[in-house]
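Okay, final-v1.cif now, which holds mmCIF, C-alpha atoms:
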data_target
loop_
_atom_site.label_atom_id
_atom_site.label_comp_id
_atom_site.auth_asym_id
_atom_site.auth_seq_id
_atom_site.Cartn_x
_atom_site.Cartn_y
_atom_site.Cartn_z
CA MET A 29 19.98 47.39 135.36
CA ARG A 30 20.34 50.97 136.53
CA ALA A 31 17.55 53.50 135.95
CA ARG A 32 19.91 55.74 133.96
CA SER A 33 20.79 52.87 131.62
CA VAL A 34 17.10 52.05 131.10
CA ALA A 35 16.32 55.73 130.40
CA LEU A 36 19.11 55.92 127.80
CA ARG A 37 17.79 52.84 126.02
CA VAL A 38 14.24 54.18 126.00
CA LEU A 39 15.49 57.55 124.71
CA SER A 40 17.45 55.82 121.96
CA ALA A 41 14.33 53.90 120.91
CA ALA A 42 12.30 57.13 120.88
CA VAL A 43 14.89 58.89 118.68
CA THR A 44 14.84 55.93 116.29
CA LEU A 45 11.06 56.11 116.10
CA VAL A 46 11.20 59.84 115.26
CA PHE A 47 13.66 59.09 112.47
CA VAL A 48 11.31 56.38 111.15
CA LEU A 49 8.39 58.82 111.17
CA VAL A 50 10.33 61.38 109.11
CA PHE A 51 11.75 58.76 106.75
CA ASN A 52 8.32 57.17 106.32
CA PHE A 53 6.81 60.44 105.11
CA PHE A 54 9.45 61.26 102.48
CA LEU A 55 10.02 57.67 101.31
CA PHE A 56 6.59 57.21 99.75
CA ARG A 57 6.67 60.62 98.13
CA ALA A 58 10.03 59.84 96.58
CA VAL A 59 8.87 56.59 94.95
CA GLY A 60 5.69 58.03 93.47
CA ASP A 61 3.27 60.94 93.22
CA PRO A 62 -0.12 60.18 94.85
CA LYS A 63 -1.82 62.87 92.73
CA LYS A 64 -0.72 61.21 89.49
CA ASP A 65 -1.84 57.81 90.73
CA LEU A 66 -5.26 59.19 91.58
CA ALA A 67 -5.46 60.68 88.09
CA ARG A 68 -4.99 57.17 86.64
CA ASN A 69 -7.96 55.83 88.60
CA PRO A 70 -10.69 55.12 85.99
CA HIS A 71 -13.41 55.21 88.63
CA LEU A 72 -12.78 58.86 89.55
CA THR A 73 -13.94 61.83 87.50
CA LEU A 74 -11.80 64.94 87.28
CA GLU A 75 -13.98 66.62 89.91
CA GLY A 76 -13.71 63.54 92.09
CA GLN A 77 -9.95 63.52 91.80
CA GLN A 78 -9.72 67.17 92.80
CA ALA A 79 -12.03 66.56 95.76
CA VAL A 80 -9.95 63.63 97.01
CA ILE A 81 -6.69 65.56 96.52
CA HIS A 82 -8.05 68.52 98.48
CA GLN A 83 -9.53 66.30 101.20
CA ARG A 84 -6.21 64.58 101.78
CA GLY A 85 -4.19 67.79 101.62
CA LEU A 86 -2.19 66.68 98.58
CA ASP A 87 -2.65 70.12 96.98
CA GLN A 88 -0.75 71.84 99.80
CA SER A 89 2.99 72.40 100.19
CA LEU A 90 5.23 69.53 101.25
CA TRP A 91 5.91 71.18 104.61
CA VAL A 92 2.20 71.57 105.37
CA GLN A 93 1.66 67.92 104.37
CA PHE A 94 4.52 66.87 106.66
CA VAL A 95 3.15 68.76 109.67
CA ARG A 96 -0.31 67.36 109.01
CA TYR A 97 1.16 63.85 108.72
CA LEU A 98 2.99 64.15 112.06
CA THR A 99 -0.07 65.59 113.82
CA GLN A 100 -2.40 62.91 112.51
CA THR A 101 0.06 60.10 113.27
CA VAL A 102 0.51 61.23 116.87
CA ARG A 103 -3.29 61.16 117.24
CA GLY A 104 -3.39 57.65 115.77
CA ASP A 105 -4.88 58.78 112.47
CA LEU A 106 -2.92 57.11 109.65
CA GLY A 107 -5.12 58.45 106.88
CA SER A 108 -7.45 56.52 104.62
CA SER A 109 -6.81 53.91 101.98
CA PHE A 110 -6.66 54.97 98.35
CA ALA A 111 -8.21 51.64 97.35
CA ASN A 112 -11.40 51.56 99.43
CA GLY A 113 -11.42 54.74 101.52
CA GLU A 114 -11.30 52.86 104.84
CA PRO A 115 -9.15 54.22 107.67
CA VAL A 116 -5.66 52.74 107.45
CA SER A 117 -5.65 51.98 111.16
CA HIS A 118 -8.80 49.88 110.69
CA VAL A 119 -7.27 48.02 107.73
CA LEU A 120 -4.11 47.27 109.71
CA TRP A 121 -6.07 46.20 112.78
CA GLN A 122 -8.01 43.67 110.69
CA ALA A 123 -4.84 42.09 109.28
CA LEU A 124 -2.56 42.28 112.34
CA PRO A 125 -4.17 39.48 114.44
CA ASN A 126 -3.86 37.03 111.55
CA THR A 127 -0.15 37.75 111.21
CA LEU A 128 0.38 37.55 114.97
CA ILE A 129 -1.14 34.07 114.93
CA LEU A 130 1.57 32.88 112.54
CA VAL A 131 4.45 34.85 114.03
CA GLY A 132 3.48 34.35 117.68
CA ILE A 133 2.86 30.61 117.61
CA GLY A 134 5.72 29.98 115.18
CA THR A 135 8.17 31.95 117.34
CA VAL A 136 7.10 30.21 120.55
CA LEU A 137 7.49 26.75 119.00
CA ALA A 138 10.84 27.64 117.41
CA SER A 139 12.05 29.21 120.68
CA ILE A 140 11.38 25.95 122.52
CA ILE A 141 12.49 23.40 119.95
CA GLY A 142 15.41 25.26 118.34
CA PRO A 143 17.52 25.88 121.48
CA TRP A 144 16.78 22.35 122.69
CA ILE A 145 18.10 20.85 119.44
CA GLY A 146 21.06 23.25 119.49
CA MET A 147 21.87 22.25 123.07
CA ILE A 148 21.91 18.56 122.12
CA ALA A 149 24.08 19.25 119.06
CA GLY A 150 26.54 21.40 121.03
CA TRP A 151 26.75 18.96 123.93
CA HIS A 152 27.55 16.11 121.51
CA ARG A 153 29.76 18.23 119.25
CA GLY A 154 31.80 16.33 116.68
CA ARG A 155 29.66 13.21 116.92
CA ALA A 156 27.17 11.74 114.46
CA ARG A 157 24.22 13.30 116.28
CA ASP A 158 25.80 16.74 116.07
CA HIS A 159 26.54 16.38 112.35
CA LEU A 160 22.98 15.22 111.60
CA LEU A 161 21.27 18.01 113.56
CA THR A 162 23.66 20.73 112.39
CA GLN A 163 23.50 19.80 108.71
CA GLY A 164 19.71 19.58 108.87
CA SER A 165 19.55 23.03 110.46
CA VAL A 166 21.90 24.50 107.84
CA VAL A 167 19.70 23.12 105.06
CA LEU A 168 16.60 24.68 106.63
CA TYR A 169 18.40 27.96 107.32
CA SER A 170 19.51 28.29 103.69
CA MET A 171 16.04 27.55 102.32
CA PRO A 172 13.88 30.60 101.39
CA GLU A 173 10.57 30.76 103.25
CA PHE A 174 8.45 30.66 100.11
CA TRP A 175 10.31 27.58 98.85
CA LEU A 176 9.92 25.85 102.20
CA GLY A 177 6.21 26.66 102.16
CA MET A 178 5.79 25.20 98.68
CA LEU A 179 7.64 22.04 99.71
CA LEU A 180 5.30 21.60 102.67
CA ILE A 181 2.28 22.12 100.41
CA SER A 182 3.63 19.55 97.96
CA LEU A 183 4.16 17.06 100.77
CA PHE A 184 1.17 17.54 103.08
CA ALA A 185 -1.47 18.93 100.70
CA VAL A 186 -0.67 17.19 97.40
CA ALA A 187 1.37 14.01 97.84
CA TRP A 188 -0.21 13.25 101.22
CA PRO A 189 -3.40 15.38 101.25
CA ILE A 190 -4.10 15.79 104.95
CA LEU A 191 -3.91 19.59 105.16
CA PRO A 192 -5.34 22.45 103.04
CA THR A 193 -3.12 24.27 100.56
CA GLY A 194 -3.99 27.73 101.82
CA LEU A 195 -6.58 30.35 102.82
CA GLN A 196 -7.65 31.08 106.39
CA ALA A 197 -10.88 29.05 106.37
CA THR A 198 -12.86 26.73 104.13
CA PRO A 199 -14.45 28.74 101.28
CA GLY A 200 -18.19 29.15 101.79
CA SER A 201 -18.07 27.84 105.34
CA THR A 202 -20.76 29.14 107.71
CA ALA A 203 -19.25 27.57 110.81
CA THR A 204 -19.22 29.62 114.01
CA GLY A 205 -17.80 29.28 117.48
CA PHE A 206 -15.55 26.31 118.14
CA ASP A 207 -16.10 24.86 114.67
CA HIS A 208 -14.84 28.09 113.09
CA LEU A 209 -11.79 28.16 115.37
CA TRP A 210 -11.05 24.55 114.46
CA ASP A 211 -11.33 25.37 110.76
CA VAL A 212 -8.96 28.36 111.09
CA GLY A 213 -6.51 26.31 113.15
CA TYR A 214 -6.62 23.52 110.56
CA HIS A 215 -5.74 25.99 107.79
CA ALA A 216 -3.03 27.62 109.93
CA VAL A 217 -1.00 24.44 110.46
CA LEU A 218 1.15 24.68 107.33
CA PRO A 219 1.85 28.45 107.55
CA ILE A 220 2.77 28.12 111.22
CA LEU A 221 4.96 25.11 110.46
CA THR A 222 6.73 27.13 107.77
CA VAL A 223 7.42 30.01 110.18
CA THR A 224 8.56 27.57 112.87
CA LEU A 225 11.00 25.70 110.64
CA SER A 226 12.45 28.88 109.14
CA LEU A 227 13.17 30.30 112.62
CA LEU A 228 14.07 27.01 114.29
CA ALA A 229 17.15 26.51 112.14
CA GLN A 230 18.69 29.84 113.15
CA TYR A 231 17.96 29.29 116.84
CA THR A 232 19.49 25.81 116.64
CA VAL A 233 22.72 27.01 115.04
CA ASN A 234 23.05 29.93 117.50
CA MET A 235 22.40 27.72 120.52
CA ARG A 236 24.91 25.13 119.35
CA SER A 237 27.62 27.78 118.93
CA ALA A 238 26.79 29.29 122.33
CA VAL A 239 26.94 25.88 124.06
CA ILE A 240 30.32 25.10 122.51
CA ASP A 241 31.67 28.49 123.66
CA VAL A 242 30.37 27.99 127.19
CA LEU A 243 31.88 24.50 127.42
CA HIS A 244 35.35 26.05 127.14
CA GLU A 245 34.80 28.44 130.06
CA ASP A 246 36.79 27.96 133.27
CA TYR A 247 33.72 27.59 135.49
CA ILE A 248 32.57 24.60 133.43
CA LEU A 249 35.94 22.93 133.93
CA THR A 250 35.70 23.71 137.64
CA ALA A 251 32.18 22.25 137.88
CA ARG A 252 33.38 19.06 136.27
CA ALA A 253 36.48 18.94 138.46
CA ILE A 254 34.48 19.06 141.70
CA GLY A 255 32.49 16.03 140.58
CA LEU A 256 29.18 17.41 139.30
CA ALA A 257 27.33 14.98 137.10
CA PRO A 258 27.20 15.85 133.37
CA LEU A 259 23.44 16.43 133.57
CA GLN A 260 23.91 18.87 136.48
CA VAL A 261 26.66 20.72 134.62
CA ARG A 262 24.45 21.04 131.58
CA ARG A 263 21.35 22.22 133.47
CA ARG A 264 22.97 24.52 136.01
CA HIS A 265 25.81 26.08 134.07
CA VAL A 266 25.80 25.37 130.33
CA VAL A 267 22.18 25.98 129.31
CA PRO A 268 21.50 29.17 131.38
CA ASN A 269 24.65 30.88 130.10
CA ALA A 270 24.31 29.68 126.52
CA LEU A 271 20.72 30.97 126.37
CA LEU A 272 21.76 34.60 126.83
CA PRO A 273 22.79 35.30 123.21
CA VAL A 274 19.95 33.13 121.90
CA VAL A 275 17.40 35.20 123.83
CA THR A 276 18.74 38.27 122.05
CA VAL A 277 18.34 36.66 118.64
CA ILE A 278 14.79 35.52 119.44
CA GLY A 279 13.75 38.97 120.60
CA LEU A 280 15.27 40.73 117.60
CA GLN A 281 13.84 38.21 115.16
CA PHE A 282 10.27 38.56 116.43
CA GLY A 283 10.01 42.10 115.16
CA LEU A 284 11.80 41.33 111.90
CA VAL A 285 9.65 38.29 111.16
CA LEU A 286 6.60 40.56 110.95
CA GLY A 287 8.13 42.09 107.86
CA GLY A 288 9.52 38.83 106.50
CA VAL A 289 6.24 36.93 106.70
CA ILE A 290 5.09 38.51 103.42
CA THR A 291 6.22 35.58 101.27
CA ILE A 292 4.74 32.99 103.62
CA GLU A 293 1.34 34.68 103.62
CA ALA A 294 1.51 35.04 99.84
CA VAL A 295 2.20 31.31 99.37
CA PHE A 296 -0.69 30.30 101.64
CA SER A 297 -3.05 33.19 100.76
CA TRP A 298 -3.19 34.04 104.45
CA PRO A 299 -4.98 37.39 105.07
CA GLY A 300 -2.38 39.11 107.25
CA LEU A 301 0.01 42.03 107.00
CA GLY A 302 2.06 40.29 104.33
CA GLN A 303 -0.90 39.75 102.04
CA LEU A 304 -2.02 43.32 102.72
CA THR A 305 1.42 44.60 101.72
CA LEU A 306 1.27 42.83 98.37
CA GLN A 307 -2.21 44.21 97.70
CA ALA A 308 -1.14 47.74 98.64
CA ILE A 309 1.92 47.55 96.38
CA ASP A 310 -0.20 46.29 93.50
CA SER A 311 -2.73 49.12 93.87
CA LYS A 312 -0.13 51.77 94.84
CA ASP A 313 -2.04 52.40 98.05
CA TYR A 314 0.54 54.73 99.65
CA PRO A 315 -1.32 55.44 102.92
CA VAL A 316 -1.59 51.70 103.64
CA LEU A 317 2.07 51.17 102.72
CA GLN A 318 3.02 54.06 105.03
CA GLY A 319 1.00 52.51 107.82
CA LEU A 320 2.54 49.07 107.24
CA PHE A 321 6.07 50.48 107.25
CA LEU A 322 5.39 52.44 110.43
CA LEU A 323 3.78 49.47 112.19
CA THR A 324 6.52 46.99 111.34
CA SER A 325 9.23 49.53 112.24
CA LEU A 326 7.51 50.22 115.55
CA MET A 327 7.36 46.50 116.31
CA VAL A 328 11.06 46.09 115.54
CA ILE A 329 11.96 49.07 117.75
CA VAL A 330 9.79 47.87 120.63
CA PHE A 331 11.09 44.32 120.57
CA ASN A 332 14.68 45.51 120.23
CA LEU A 333 14.14 47.65 123.32
CA LEU A 334 12.47 44.83 125.28
CA THR A 335 15.24 42.43 124.29
CA ASP A 336 17.88 44.93 125.34
CA LEU A 337 16.22 45.42 128.72
CA LEU A 338 15.70 41.68 129.20
CA TYR A 339 19.32 40.94 128.35
CA GLY A 340 20.40 43.52 130.91
CA ARG A 341 18.15 41.81 133.43
CA LEU A 342 19.58 38.36 132.69
CA ASP A 343 23.19 39.63 132.69
CA PRO A 344 23.55 42.54 135.15
CA ARG A 345 26.99 43.37 133.72
CA ILE A 346 25.26 44.84 130.63
CA GLY A 347 23.63 47.57 132.71
CA ASP A 348 26.79 48.74 134.42
#
For the structure just supplied, provide its representation as structure tokens.
Amino acid sequence: MRARSVALRVLSAAVTLVFVLVFNFFLFRAVGDPKKDLARNPHLTLEGQQAVIHQRGLDQSLWVQFVRYLTQTVRGDLGSSFANGEPVSHVLWQALPNTLILVGIGTVLASIIGPWIGMIAGWHRGRARDHLLTQGSVVLYSMPEFWLGMLLISLFAVAWPILPTGLQATPGSTATGFDHLWDVGYHAVLPILTVTLSLLAQYTVNMRSAVIDVLHEDYILTARAIGLAPLQVRRRHVVPNALLPVVTVIGLQFGLVLGGVITIEAVFSWPGLGQLTLQAIDSKDYPVLQGLFLLTSLMVIVFNLLTDLLYGRLDPRIGD
């Protein structure tokens, strides 16, 4: 990919981020007035409310607030939470690793299993194996994440109680070191499985469609005509070319899943960004909601950019 093409993509991502910053500021002032919400707080006296409003610059003009918001955001200061007064960046940093555990492991597993299943279905298109795998993937794809999570809880935590129903660790546990990691991993099995299955279905369907499209290309017919074995045709020509559009979907989905994991974390009471979002909405904690919106938007922009650059690397024609 040419340097000019890379620069244009980076510039486009930067412009999108600037738009998100501006939109993020006005969005949460359009849906509510922070000063009125502070006034409803029974734990704050009138003097306390005025002090908090002045400290956070809410008594200044909208333009002054906007400039202050941009300046603080550029410095990495996302303000402080209305609920507990902690820095928003600290609150996000505490929740982010827990969400990345679910999204990261779930995406890796789905990225390995989904395309593999899709390749088998596409290679055997029209046969019983294809119908079974495709119909199963469609069922999973059409199933909401929260419903899938509840089904897994009903199966593996109620009907066959081998896994916990939720939380990140055993309540009251004092385990440390490897024992603590084992406990967290044990509790993470069902949430990760839910993320994996919800993503796997889409990757399977996309890979199957890509394989079927590639099988009709002239170079596949040529490879077969010169006597290459079916396994060689599949490994050398079908899979590498069919993976190109699937790689794009995987890259784009990784950023979006961060925002879509809210329901999964709610079902399993997993203390990540999704659970934090629900708590912030319930308490009308606008600084935390602003920080969450900015973080998830930034992740989507970054992964869109990386996917775009990777696709250009895999297919040099994109960068021309």
For the structure provided, state which residues fall under the PyMOL selection byres ((chain A and resi 279) around 8), and present them as an mmCIF file with C-alpha atoms, in the coordinates of the input.
data_model
loop_
_atom_site.group_PDB
_atom_site.id
_atom_site.type_symbol
_atom_site.label_atom_id
_atom_site.label_comp_id
_atom_site.auth_asym_id
_atom_site.auth_seq_id
_atom_site.Cartn_x
_atom_site.Cartn_y
_atom_site.Cartn_z
ATOM 1 C CA VAL A 275 17.400 35.200 123.830
ATOM 2 C CA THR A 276 18.740 38.270 122.050
ATOM 3 C CA VAL A 277 18.340 36.660 118.640
ATOM 4 C CA ILE A 278 14.790 35.520 119.440
ATOM 5 C CA LEU A 280 15.270 40.730 117.600
ATOM 6 C CA GLN A 281 13.840 38.210 115.160
ATOM 7 C CA PHE A 282 10.270 38.560 116.430
ATOM 8 C CA GLY A 283 10.010 42.100 115.160
ATOM 9 C CA PHE A 331 11.090 44.320 120.570
ATOM 10 C CA ASN A 332 14.680 45.510 120.230
ATOM 11 C CA LEU A 334 12.470 44.830 125.280
ATOM 12 C CA THR A 335 15.240 42.430 124.290
#
**Request:** For Tyr314 in chain A, please output as an MDAnalysis selection string all residues within 8 Å (counting all atoms listed in the file; exclusion window: fewer than 6 positions along the same chain).
**Result:** chainID A and resid 56 62 109:110 308
**Expected selection from the PyMOL selection byres ((chain A and resi 239) around 7), given as a PyMOL selection string** = chain A and resi 147+150-151+235-238+240-243+266+270
**Message:** What would the selection look like, as a list in words, if the PyMOL selection byres ((chain A and resi 329) around 10) were run on the coordinates I just shared?
**Reply:** Val38, Ser40, Ala41, Ala42, Thr44, Leu45, Val48, Leu280, Gly283, Leu284, Leu323, Thr324, Ser325, Leu326, Met327, Val328, Val330, Phe331, Asn332, Leu333, Leu334 and Thr335 of chain A
Write out as a JSON list (two decimals) with C-alpha atoms, keeping the file's coordinate frame the residues lying within 7 Å of range 220-222 of chain A, counting all atoms listed in the file and excluding same-chain residues fewer than 4 positions away.
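Just written: around.json:
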[["chain", "number", "residue", "atom", "x", "y", "z"],
["A", 130, "LEU", "CA", 1.57, 32.88, 112.54],
["A", 133, "ILE", "CA", 2.86, 30.61, 117.61],
["A", 134, "GLY", "CA", 5.72, 29.98, 115.18],
["A", 173, "GLU", "CA", 10.57, 30.76, 103.25],
["A", 176, "LEU", "CA", 9.92, 25.85, 102.20],
["A", 177, "GLY", "CA", 6.21, 26.66, 102.16],
["A", 216, "ALA", "CA", -3.03, 27.62, 109.93],
["A", 226, "SER", "CA", 12.45, 28.88, 109.14]]
Could range 170-189 of chain A be completed with N, CA and C atoms and written as a PDB file, keeping the file's coordinate frame, please?
ATOM      1  N   SER A 170      19.188  27.779 105.022  1.00  0.00           N
ATOM      2  CA  SER A 170      19.510  28.290 103.690  1.00  0.00           C
ATOM      3  C   SER A 170      18.316  28.259 102.745  1.00  0.00           C
ATOM      4  N   MET A 171      17.208  27.714 103.185  1.00  0.00           N
ATOM      5  CA  MET A 171      16.040  27.550 102.320  1.00  0.00           C
ATOM      6  C   MET A 171      15.124  28.768 102.437  1.00  0.00           C
ATOM      7  N   PRO A 172      14.805  29.459 101.327  1.00  0.00           N
ATOM      8  CA  PRO A 172      13.880  30.600 101.390  1.00  0.00           C
ATOM      9  C   PRO A 172      12.519  30.174 101.929  1.00  0.00           C
ATOM     10  N   GLU A 173      11.850  31.102 102.621  1.00  0.00           N
ATOM     11  CA  GLU A 173      10.570  30.760 103.250  1.00  0.00           C
ATOM     12  C   GLU A 173       9.521  30.324 102.236  1.00  0.00           C
ATOM     13  N   PHE A 174       9.470  31.013 101.080  1.00  0.00           N
ATOM     14  CA  PHE A 174       8.450  30.660 100.110  1.00  0.00           C
ATOM     15  C   PHE A 174       8.690  29.263  99.538  1.00  0.00           C
ATOM     16  N   TRP A 175       9.985  28.899  99.367  1.00  0.00           N
ATOM     17  CA  TRP A 175      10.310  27.580  98.850  1.00  0.00           C
ATOM     18  C   TRP A 175       9.977  26.505  99.879  1.00  0.00           C
ATOM     19  N   LEU A 176      10.267  26.779 101.136  1.00  0.00           N
ATOM     20  CA  LEU A 176       9.920  25.850 102.200  1.00  0.00           C
ATOM     21  C   LEU A 176       8.410  25.658 102.273  1.00  0.00           C
ATOM     22  N   GLY A 177       7.656  26.751 102.147  1.00  0.00           N
ATOM     23  CA  GLY A 177       6.210  26.660 102.160  1.00  0.00           C
ATOM     24  C   GLY A 177       5.672  25.813 101.021  1.00  0.00           C
ATOM     25  N   MET A 178       6.242  25.985  99.825  1.00  0.00           N
ATOM     26  CA  MET A 178       5.790  25.200  98.680  1.00  0.00           C
ATOM     27  C   MET A 178       6.131  23.725  98.836  1.00  0.00           C
ATOM     28  N   LEU A 179       7.289  23.432  99.443  1.00  0.00           N
ATOM     29  CA  LEU A 179       7.640  22.040  99.710  1.00  0.00           C
ATOM     30  C   LEU A 179       6.645  21.388 100.670  1.00  0.00           C
ATOM     31  N   LEU A 180       6.260  22.130 101.708  1.00  0.00           N
ATOM     32  CA  LEU A 180       5.300  21.600 102.670  1.00  0.00           C
ATOM     33  C   LEU A 180       3.935  21.384 102.031  1.00  0.00           C
ATOM     34  N   ILE A 181       3.544  22.301 101.136  1.00  0.00           N
ATOM     35  CA  ILE A 181       2.280  22.120 100.410  1.00  0.00           C
ATOM     36  C   ILE A 181       2.342  20.881  99.532  1.00  0.00           C
ATOM     37  N   SER A 182       3.468  20.716  98.835  1.00  0.00           N
ATOM     38  CA  SER A 182       3.630  19.550  97.960  1.00  0.00           C
ATOM     39  C   SER A 182       3.565  18.251  98.749  1.00  0.00           C
ATOM     40  N   LEU A 183       4.108  18.276  99.968  1.00  0.00           N
ATOM     41  CA  LEU A 183       4.160  17.060 100.770  1.00  0.00           C
ATOM     42  C   LEU A 183       2.847  16.769 101.483  1.00  0.00           C
ATOM     43  N   PHE A 184       2.313  17.785 102.195  1.00  0.00           N
ATOM     44  CA  PHE A 184       1.170  17.540 103.080  1.00  0.00           C
ATOM     45  C   PHE A 184      -0.181  17.922 102.483  1.00  0.00           C
ATOM     46  N   ALA A 185      -0.193  18.559 101.318  1.00  0.00           N
ATOM     47  CA  ALA A 185      -1.470  18.930 100.700  1.00  0.00           C
ATOM     48  C   ALA A 185      -1.669  18.302  99.332  1.00  0.00           C
ATOM     49  N   VAL A 186      -0.577  17.799  98.733  1.00  0.00           N
ATOM     50  CA  VAL A 186      -0.670  17.190  97.400  1.00  0.00           C
ATOM     51  C   VAL A 186      -0.320  15.705  97.451  1.00  0.00           C
ATOM     52  N   ALA A 187       0.953  15.408  97.800  1.00  0.00           N
ATOM     53  CA  ALA A 187       1.370  14.010  97.840  1.00  0.00           C
ATOM     54  C   ALA A 187       0.642  13.229  98.945  1.00  0.00           C
ATOM     55  N   TRP A 188       0.483  13.871 100.076  1.00  0.00           N
ATOM     56  CA  TRP A 188      -0.210  13.250 101.220  1.00  0.00           C
ATOM     57  C   TRP A 188      -1.271  14.251 101.683  1.00  0.00           C
ATOM     58  N   PRO A 189      -2.422  14.297 101.035  1.00  0.00           N
ATOM     59  CA  PRO A 189      -3.400  15.380 101.250  1.00  0.00           C
ATOM     60  C   PRO A 189      -4.140  15.303 102.582  1.00  0.00           C
TER      61      PRO A 189
END
